[in-house]
$ cat run24.tsv   # TSV, C-alpha atoms
chain	number	residue	atom	x	y	z
A	85	MET	CA	-1.77	-140.79	-25.11
A	86	VAL	CA	-0.54	-137.58	-26.68
A	87	LYS	CA	-0.11	-133.98	-25.59
A	88	LEU	CA	-1.90	-131.21	-27.45
A	89	VAL	CA	-2.06	-127.47	-27.98
A	90	LEU	CA	-5.67	-126.27	-27.83
A	91	LEU	CA	-6.54	-122.92	-29.38
A	92	HIS	CA	-8.86	-120.67	-27.36
A	93	LYS	CA	-10.59	-117.46	-28.47
A	94	ALA	CA	-12.62	-115.71	-25.78
A	95	ALA	CA	-15.19	-114.38	-28.27
A	96	SER	CA	-15.60	-117.53	-30.38
A	97	ILE	CA	-18.76	-119.61	-30.85
A	98	TYR	CA	-17.29	-122.34	-28.64
A	99	ASP	CA	-18.21	-122.34	-24.96
A	100	ASP	CA	-14.88	-123.08	-23.33
A	101	GLU	CA	-14.67	-123.05	-19.54
A	102	LEU	CA	-10.96	-123.65	-19.47
A	103	ASP	CA	-10.67	-125.28	-16.05
A	104	VAL	CA	-13.78	-127.42	-16.66
A	105	ALA	CA	-14.25	-128.27	-20.35
A	106	TYR	CA	-12.97	-127.44	-23.84
A	107	ASP	CA	-15.61	-127.21	-26.60
A	108	PHE	CA	-14.59	-128.48	-30.05
A	109	PRO	CA	-16.08	-129.78	-33.36
A	110	ARG	CA	-16.21	-133.37	-34.60
A	111	SER	CA	-13.24	-132.85	-36.94
A	112	TYR	CA	-10.87	-132.89	-33.95
A	113	LEU	CA	-12.54	-135.77	-32.09
A	114	LYS	CA	-9.96	-138.46	-32.86
A	115	ALA	CA	-7.02	-136.25	-31.91
A	116	VAL	CA	-8.59	-135.15	-28.61
A	117	GLU	CA	-9.64	-138.71	-27.71
A	118	GLN	CA	-6.00	-139.77	-28.07
A	119	ALA	CA	-5.08	-137.11	-25.48
A	120	VAL	CA	-7.37	-138.43	-22.73
A	121	GLY	CA	-5.24	-138.89	-19.62
A	122	ASP	CA	-2.51	-136.55	-20.88
A	123	TRP	CA	-1.71	-132.84	-20.66
A	124	ILE	CA	-2.58	-129.98	-22.97
A	125	ILE	CA	-1.45	-126.35	-23.30
A	126	TYR	CA	-3.92	-123.56	-24.07
A	127	TYR	CA	-2.98	-121.08	-26.75
A	128	LYS	CA	-4.47	-117.72	-27.73
A	129	PRO	CA	-3.69	-116.80	-31.35
A	130	VAL	CA	-1.92	-113.59	-32.28
A	131	LYS	CA	-4.95	-112.22	-34.16
A	132	ALA	CA	-6.97	-112.43	-30.92
A	133	GLY	CA	-4.23	-110.71	-28.91
A	134	PRO	CA	-0.53	-111.14	-28.13
A	135	ARG	CA	-1.03	-113.62	-25.31
A	136	GLY	CA	0.34	-116.86	-26.83
A	137	TYR	CA	0.53	-119.96	-24.61
A	138	PHE	CA	-1.08	-119.20	-21.27
A	139	ALA	CA	-2.16	-122.26	-19.26
A	140	VAL	CA	-1.81	-126.00	-18.83
A	141	ALA	CA	-4.39	-128.67	-17.95
A	142	LYS	CA	-5.09	-132.40	-18.20
A	143	ILE	CA	-7.91	-134.07	-20.16
A	144	SER	CA	-9.85	-136.69	-18.19
A	145	ASP	CA	-12.60	-137.59	-20.68
A	146	VAL	CA	-14.34	-136.64	-23.92
A	147	ILE	CA	-18.14	-136.50	-24.16
A	148	PRO	CA	-20.70	-135.28	-26.73
A	149	LYS	CA	-21.80	-131.74	-25.97
A	150	PRO	CA	-25.37	-131.97	-24.64
A	151	GLY	CA	-27.94	-130.60	-27.08
A	152	VAL	CA	-25.44	-129.66	-29.81
A	153	GLU	CA	-24.95	-131.97	-32.78
A	154	GLY	CA	-21.38	-132.41	-33.96
A	155	ARG	CA	-19.77	-130.78	-30.92
A	156	TYR	CA	-17.81	-132.38	-28.08
A	157	LEU	CA	-16.38	-131.45	-24.71
A	158	ALA	CA	-12.90	-132.36	-23.52
A	159	MET	CA	-13.42	-132.60	-19.77
A	160	ILE	CA	-10.59	-131.16	-17.70
A	161	GLU	CA	-9.35	-133.22	-14.78
A	162	PRO	CA	-10.30	-131.41	-11.54
A	163	GLY	CA	-7.32	-129.69	-9.98
A	164	SER	CA	-5.12	-129.94	-13.09
A	165	TYR	CA	-5.68	-126.49	-14.67
A	166	LEU	CA	-2.92	-124.00	-13.92
A	167	PRO	CA	-2.38	-120.60	-15.58
A	168	PHE	CA	1.16	-119.74	-16.57
A	169	ASP	CA	3.00	-117.26	-14.38
A	170	ARG	CA	3.98	-115.47	-17.58
A	171	ASP	CA	2.44	-115.78	-21.04
A	172	VAL	CA	4.69	-117.47	-23.60
A	173	PRO	CA	4.83	-116.07	-27.17
A	174	ARG	CA	4.49	-118.36	-30.19
A	175	LEU	CA	7.90	-117.27	-31.44
A	176	LEU	CA	11.13	-117.08	-29.46
A	177	ASP	CA	14.01	-115.33	-31.23
A	178	GLY	CA	11.93	-115.55	-34.39
A	179	ARG	CA	11.50	-119.33	-34.17
A	180	PRO	CA	8.30	-121.23	-33.27
A	181	LEU	CA	8.27	-123.06	-29.95
A	182	GLU	CA	6.29	-125.82	-31.67
A	183	THR	CA	8.70	-127.69	-33.91
A	184	ALA	CA	5.85	-128.72	-36.23
A	185	LEU	CA	5.31	-125.07	-37.08
A	186	SER	CA	8.85	-124.50	-38.40
A	187	ASP	CA	10.71	-125.49	-41.56
A	188	GLN	CA	14.07	-127.26	-41.66
A	189	GLU	CA	15.89	-124.00	-40.98
A	190	GLY	CA	13.66	-123.23	-37.98
A	191	SER	CA	11.75	-120.42	-39.69
A	192	PRO	CA	7.98	-120.15	-39.14
A	193	LEU	CA	5.71	-121.95	-41.58
A	194	ARG	CA	2.65	-120.22	-42.97
A	195	GLY	CA	-0.86	-121.70	-43.14
A	196	GLY	CA	-1.42	-125.43	-42.65
A	197	ALA	CA	-0.85	-126.69	-39.11
A	198	ILE	CA	-0.62	-123.21	-37.60
A	199	GLN	CA	-4.32	-122.69	-38.37
A	200	LEU	CA	-5.45	-125.85	-36.58
A	201	ALA	CA	-7.32	-125.40	-33.30
A	202	VAL	CA	-5.99	-128.74	-32.04
A	203	ARG	CA	-2.30	-129.56	-32.60
A	204	ARG	CA	-0.14	-132.45	-31.44
A	205	LEU	CA	2.71	-131.42	-29.16
A	206	PRO	CA	5.89	-133.48	-28.64
A	207	ASP	CA	6.97	-133.97	-25.04
A	208	SER	CA	10.09	-131.87	-25.61
A	209	ASP	CA	8.03	-128.92	-26.91
A	210	PHE	CA	5.60	-129.30	-24.01
A	211	ALA	CA	8.41	-129.22	-21.45
A	212	ARG	CA	10.02	-126.19	-23.07
A	213	ILE	CA	6.80	-124.15	-23.15
A	214	VAL	CA	5.93	-125.06	-19.57
A	215	ASP	CA	9.42	-124.14	-18.38
A	216	LEU	CA	9.01	-120.71	-19.96
A	217	GLY	CA	5.52	-120.18	-18.54
A	218	LEU	CA	6.07	-121.79	-15.13
A	219	PRO	CA	9.75	-121.42	-14.22
A	220	GLN	CA	11.45	-124.22	-12.28
A	221	ASP	CA	12.45	-121.78	-9.54
A	222	LEU	CA	9.08	-120.00	-9.17
A	223	GLU	CA	9.05	-120.70	-5.42
A	224	ARG	CA	12.45	-119.08	-5.00
A	225	ILE	CA	11.38	-116.14	-7.17
A	226	GLU	CA	8.38	-115.52	-4.92
A	227	ALA	CA	10.25	-116.16	-1.65
A	228	THR	CA	12.96	-113.62	-2.51
A	229	ARG	CA	10.71	-111.12	-4.29
A	230	TYR	CA	10.75	-108.55	-1.50
A	231	GLY	CA	14.10	-109.32	0.08
A	232	PRO	CA	16.39	-112.23	0.95
A	233	GLN	CA	14.77	-115.40	2.21
A	234	ILE	CA	15.50	-116.65	5.69
A	235	ARG	CA	16.11	-120.39	5.48
A	236	THR	CA	15.92	-123.01	8.24
A	237	PHE	CA	17.41	-126.50	8.29
A	238	ASP	CA	13.93	-127.96	7.81
A	239	ASP	CA	13.28	-126.05	4.60
A	240	GLU	CA	13.28	-127.96	1.34
A	241	PRO	CA	15.90	-126.58	-1.08
A	242	LEU	CA	14.15	-124.09	-3.32
A	243	ILE	CA	16.26	-124.70	-6.40
A	244	PHE	CA	15.63	-128.26	-7.47
A	245	GLN	CA	15.30	-129.32	-11.09
A	246	ARG	CA	12.06	-131.27	-10.87
A	247	PRO	CA	10.60	-133.01	-13.93
A	248	VAL	CA	7.85	-130.92	-15.50
A	249	LEU	CA	4.98	-133.28	-14.68
A	250	GLU	CA	6.09	-133.65	-11.06
A	251	ARG	CA	6.15	-129.88	-10.73
A	252	LEU	CA	2.67	-129.52	-12.26
A	253	THR	CA	1.18	-131.88	-9.69
A	254	ARG	CA	3.09	-130.61	-6.66
A	255	ARG	CA	0.68	-128.75	-4.39
A	256	LYS	CA	3.25	-126.37	-2.90
A	257	TYR	CA	4.36	-125.20	-6.34
A	258	ARG	CA	0.79	-124.81	-7.57
A	259	GLU	CA	-0.16	-122.75	-4.50
A	260	VAL	CA	2.66	-120.30	-5.24
A	261	ALA	CA	1.64	-120.02	-8.90
A	262	PHE	CA	-2.05	-119.53	-7.99
A	263	SER	CA	-1.26	-116.93	-5.31
A	264	ARG	CA	0.92	-114.85	-7.64
A	265	LYS	CA	-1.76	-114.69	-10.35
A	266	VAL	CA	-4.69	-113.94	-8.02
A	267	ARG	CA	-2.95	-111.21	-6.03
A	268	GLU	CA	-1.68	-109.61	-9.24
A	269	ALA	CA	-5.20	-109.66	-10.74
A	270	TYR	CA	-6.51	-107.58	-7.83
A	271	GLY	CA	-3.57	-105.18	-7.75
A	272	TYR	CA	-2.54	-106.64	-4.36
A	273	ARG	CA	-5.69	-105.21	-2.78
A	274	CYS	CA	-8.19	-107.10	-0.67
A	275	ALA	CA	-11.35	-107.65	-2.75
A	276	MET	CA	-13.60	-107.10	0.26
A	277	SER	CA	-11.88	-104.36	2.27
A	278	GLY	CA	-10.25	-102.58	-0.67
A	279	LEU	CA	-7.08	-102.13	1.36
A	280	GLN	CA	-3.58	-102.57	-0.03
A	281	LEU	CA	-1.40	-103.30	2.97
A	282	ARG	CA	2.33	-104.03	2.87
A	283	ASN	CA	4.77	-105.02	5.59
A	284	GLY	CA	7.99	-103.19	6.35
A	285	GLY	CA	9.81	-104.96	3.54
A	286	GLY	CA	7.16	-104.05	0.96
A	287	ARG	CA	5.59	-107.52	0.80
A	288	PRO	CA	1.80	-107.38	0.21
A	289	GLU	CA	-0.20	-108.75	3.14
A	290	VAL	CA	-3.10	-109.84	0.92
A	291	GLN	CA	-3.60	-113.58	0.44
A	292	ALA	CA	-5.08	-115.67	-2.38
A	293	ALA	CA	-8.21	-117.58	-1.33
A	294	HIS	CA	-9.75	-120.42	-3.31
A	295	ILE	CA	-13.50	-119.86	-3.66
A	296	ARG	CA	-14.10	-123.58	-4.13
A	297	PRO	CA	-11.32	-125.54	-2.38
A	298	VAL	CA	-9.10	-127.76	-4.49
A	299	GLU	CA	-9.93	-130.73	-2.26
A	300	ARG	CA	-13.58	-130.22	-3.22
A	301	ASP	CA	-12.89	-130.16	-6.97
A	302	GLY	CA	-12.00	-126.48	-7.16
A	303	SER	CA	-9.34	-125.34	-9.63
A	304	ASP	CA	-6.29	-123.11	-9.56
A	305	SER	CA	-7.87	-120.76	-12.09
A	306	VAL	CA	-7.76	-117.06	-11.22
A	307	ARG	CA	-11.57	-117.17	-11.62
A	308	ASN	CA	-11.68	-119.50	-8.62
A	309	GLY	CA	-9.76	-117.03	-6.48
A	310	LEU	CA	-10.21	-113.89	-4.41
A	311	ALA	CA	-7.48	-111.68	-3.00
A	312	LEU	CA	-8.33	-111.29	0.69
A	313	SER	CA	-6.71	-110.02	3.86
A	314	GLY	CA	-5.81	-112.68	6.42
A	315	THR	CA	-8.87	-112.02	8.59
A	316	LEU	CA	-11.32	-111.93	5.69
A	317	HIS	CA	-9.73	-115.06	4.22
A	318	TRP	CA	-10.33	-116.81	7.55
A	319	MET	CA	-13.96	-115.61	7.60
A	320	PHE	CA	-14.54	-116.63	3.98
A	321	ASP	CA	-13.25	-120.17	4.52
A	322	ARG	CA	-15.50	-120.54	7.59
A	323	GLY	CA	-18.62	-119.36	5.82
A	324	LEU	CA	-19.01	-116.12	7.78
A	325	ILE	CA	-18.91	-114.11	4.54
A	326	SER	CA	-19.68	-114.87	0.90
A	327	VAL	CA	-20.90	-113.16	-2.29
A	328	ALA	CA	-24.54	-112.78	-3.37
A	329	ASN	CA	-26.00	-114.04	-6.64
A	330	ASP	CA	-25.40	-110.65	-8.27
A	331	ASN	CA	-21.70	-111.67	-8.05
A	332	GLU	CA	-20.64	-108.47	-6.31
A	333	THR	CA	-22.60	-107.86	-3.09
A	334	ILE	CA	-20.75	-109.13	-0.01
A	335	LEU	CA	-22.87	-111.35	2.25
A	336	VAL	CA	-22.20	-111.42	5.98
A	337	SER	CA	-23.52	-113.86	8.59
A	338	LYS	CA	-24.67	-111.05	10.87
A	339	ASN	CA	-25.77	-113.32	13.70
A	340	LYS	CA	-22.13	-114.48	14.01
A	341	VAL	CA	-20.16	-111.36	13.04
A	342	PRO	CA	-20.53	-108.16	15.16
A	343	GLY	CA	-21.71	-105.08	13.29
A	344	ASP	CA	-18.67	-103.02	14.27
A	345	VAL	CA	-16.42	-105.70	12.79
A	346	ILE	CA	-18.34	-105.50	9.51
A	347	ASP	CA	-17.96	-101.72	9.46
A	348	ARG	CA	-14.20	-102.00	9.97
A	349	LEU	CA	-13.49	-104.83	7.54
A	350	ILE	CA	-15.86	-104.45	4.57
A	351	ARG	CA	-15.38	-101.68	2.04
A	352	PRO	CA	-18.05	-98.93	1.94
A	353	GLY	CA	-21.03	-99.99	-0.17
A	354	GLY	CA	-20.43	-103.67	0.54
A	355	LYS	CA	-19.40	-104.53	-3.02
A	356	LEU	CA	-16.48	-106.63	-4.23
A	357	LEU	CA	-13.45	-104.88	-5.66
A	358	LYS	CA	-13.21	-106.13	-9.25
A	359	PRO	CA	-10.04	-106.99	-11.18
A	360	ASP	CA	-9.15	-104.65	-14.04
A	361	ASN	CA	-9.18	-107.62	-16.43
A	362	PRO	CA	-12.78	-108.89	-16.79
A	363	HIS	CA	-11.44	-112.35	-17.66
A	364	CYS	CA	-10.14	-112.58	-14.07
A	365	MET	CA	-13.54	-111.97	-12.46
A	366	PRO	CA	-14.72	-114.68	-10.03
A	367	HIS	CA	-16.77	-117.19	-11.96
A	368	PRO	CA	-20.47	-117.06	-10.95
A	369	GLU	CA	-20.58	-120.85	-10.63
A	370	ASN	CA	-17.74	-120.83	-8.10
A	371	LEU	CA	-19.44	-118.10	-6.09
A	372	ARG	CA	-22.73	-120.03	-6.19
A	373	TRP	CA	-20.95	-123.13	-4.91
A	374	HIS	CA	-19.50	-121.18	-1.98
A	375	ARG	CA	-22.90	-119.68	-1.07
A	376	GLU	CA	-24.61	-123.06	-1.15
A	377	ASN	CA	-21.91	-125.21	0.42
A	378	VAL	CA	-19.91	-123.00	2.79
A	379	PHE	CA	-21.76	-119.80	3.72
A	380	GLY	CA	-23.51	-120.27	7.06
A	381	GLN	CA	-22.80	-124.00	7.07
A	382	VAL	CA	-19.41	-124.37	8.76
A	383	PRO	CA	-19.65	-125.05	12.53
A	384	PHE	CA	-18.51	-121.91	14.35
A	385	ASP	CA	-17.15	-122.24	17.89
A	386	GLY	CA	-17.04	-118.49	18.51
A	387	GLY	CA	-13.26	-118.20	18.34
A	388	SER	CA	-12.29	-115.37	16.02
A	389	PRO	CA	-9.36	-113.08	15.21
A	390	TRP	CA	-11.30	-109.97	16.29
A	391	GLN	CA	-11.91	-111.13	19.87
$ encode --input "run24.tsv" --output "structure tokens"
Amino acid sequence: MVKLVLLHKAASIYDDELDVAYDFPRSYLKAVEQAVGDWIIYYKPVKAGPRGYFAVAKISDVIPKPGVEGRYLAMIEPGSYLPFDRDVPRLLDGRPLETALSDQEGSPLRGGAIQLAVRRLPDSDFARIVDLGLPQDLERIEATRYGPQIRTFDDEPLIFQRPVLERLTRRKYREVAFSRKVREAYGYRCAMSGLQLRNGGGRPEVQAAHIRPVERDGSDSVRNGLALSGTLHWMFDRGLISVANDNETILVSKNKVPGDVIDRLIRPGGKLLKPDNPHCMPHPENLRWHRENVFGQVPFDGGSPWQ
């Protein structure tokens, strides 16, 4: 197995769905096949924007792309995709983070490997890039973001130098990383009420909801998330509300939710609040899954936060 950097351009001819599959030509087949079962880092080139390295994922399989000769799909292991908390530039202090892209003095090389869409990545380079994009102490950063954290004896120490791969598979860490990106994408406003509520210490009350749960093969992509208030998050998970196939109209199970509750909780017009960045919009396939598998299908015992 081998780790890779995979180049991604949003407007290219390749149909990447980064948390599901990476589309690539036959010329990279051998290299990608060698990475099956290992981790990759996504990279956006400078010419397509200043983003740099921006996410990590794990390849589970490689298959021919249906209906397209000479193209293949690197299938992403469900639950492995995780966007970086902060984008990582290609150069740090003028030196490439990929050692293969620098000369003996550490200066950037030109042409050659830097132009490849698929590049081998040594474990040490992988760990360094991940550490920059997903800090070891991300949980502490979030816990103390709006004031000092109150610790109890049962709390796990927040500062613990975990190996990179252990951190990437640790659910608690991933939940913090997912929540930070989703809430930021929506400007800390609830996507269904439009409200931006904060407690006395300035902490946003909005939560990050998975549209398709991780335990049902959902990902930690921002496009599988909605920023929702606590009550609307509860309703969404129980199938009392969803989003229509136009990907913006809010659906409500009106035989289970009182009309006055709808009037109080849902923003006027009944449309989703959209992120400023179109690349953070909920993916239509995730919304379809929620409509077909959750909306109106979860047993409801009548207990609710508005009663």
$ closest_atom_pairs --input "run24.tsv" --of "region 178-294 of chain A" --to "region 155-170 of chain A" --cutoff "7 Å" --atoms "only C-alpha atoms" --output "tab-separated table"
residue	atom	partner	partner_atom	distance
A:Gly217	CA	A:Phe168	CA	4.8
A:Leu218	CA	A:Phe168	CA	5.5
A:Ala261	CA	A:Asp169	CA	6.3
A:Lys265	CA	A:Asp169	CA	6.7
$ closest_residue --input "run24.tsv" --among "A:Gly323, A:His317, A:Val89, A:Val152" --to "Leu185 (chain A)" --atoms "only C-alpha atoms"
A:Val89
$ atom_distance --input "run24.tsv" --atom1 "CA of Arg203 (chain A)" --atom2 "CA of Asp304 (chain A)"
24.3 Å
$ closest_atom_pairs --input "run24.tsv" --of "region 235-351 of chain A" --to "region 91-108 of chain A" --cutoff "10 Å" --atoms "all atoms listed in the file" --output "Markdown table"
| residue | atom | partner | partner_atom | distance |
| --- | --- | --- | --- | --- |
| A:Gly302 | CA | A:Asp103 | CA | 9.1 |
| A:Ser303 | CA | A:Asp103 | CA | 6.6 |
| A:Asp304 | CA | A:Asp103 | CA | 8.1 |
| A:Ser305 | CA | A:Asp103 | CA | 6.6 |
| A:Val306 | CA | A:Asp103 | CA | 10.0 |
| A:Arg307 | CA | A:Asp103 | CA | 9.3 |
| A:Asn308 | CA | A:Asp103 | CA | 9.5 |
$ residues_near_point --input "run24.tsv" --point "(9.1, -122.2, -18.5)" --cutoff "10 Å" --atoms "only C-alpha atoms" --output "NGL selection string"
:A and (168-172 or 210-222 or 248)
$ closest_residue --input "run24.tsv" --among "A:Glu153, A:Asp207, A:Pro383, A:Trp318" --to "Leu249 (chain A)" --atoms "all atoms listed in the file"
A:Asp207
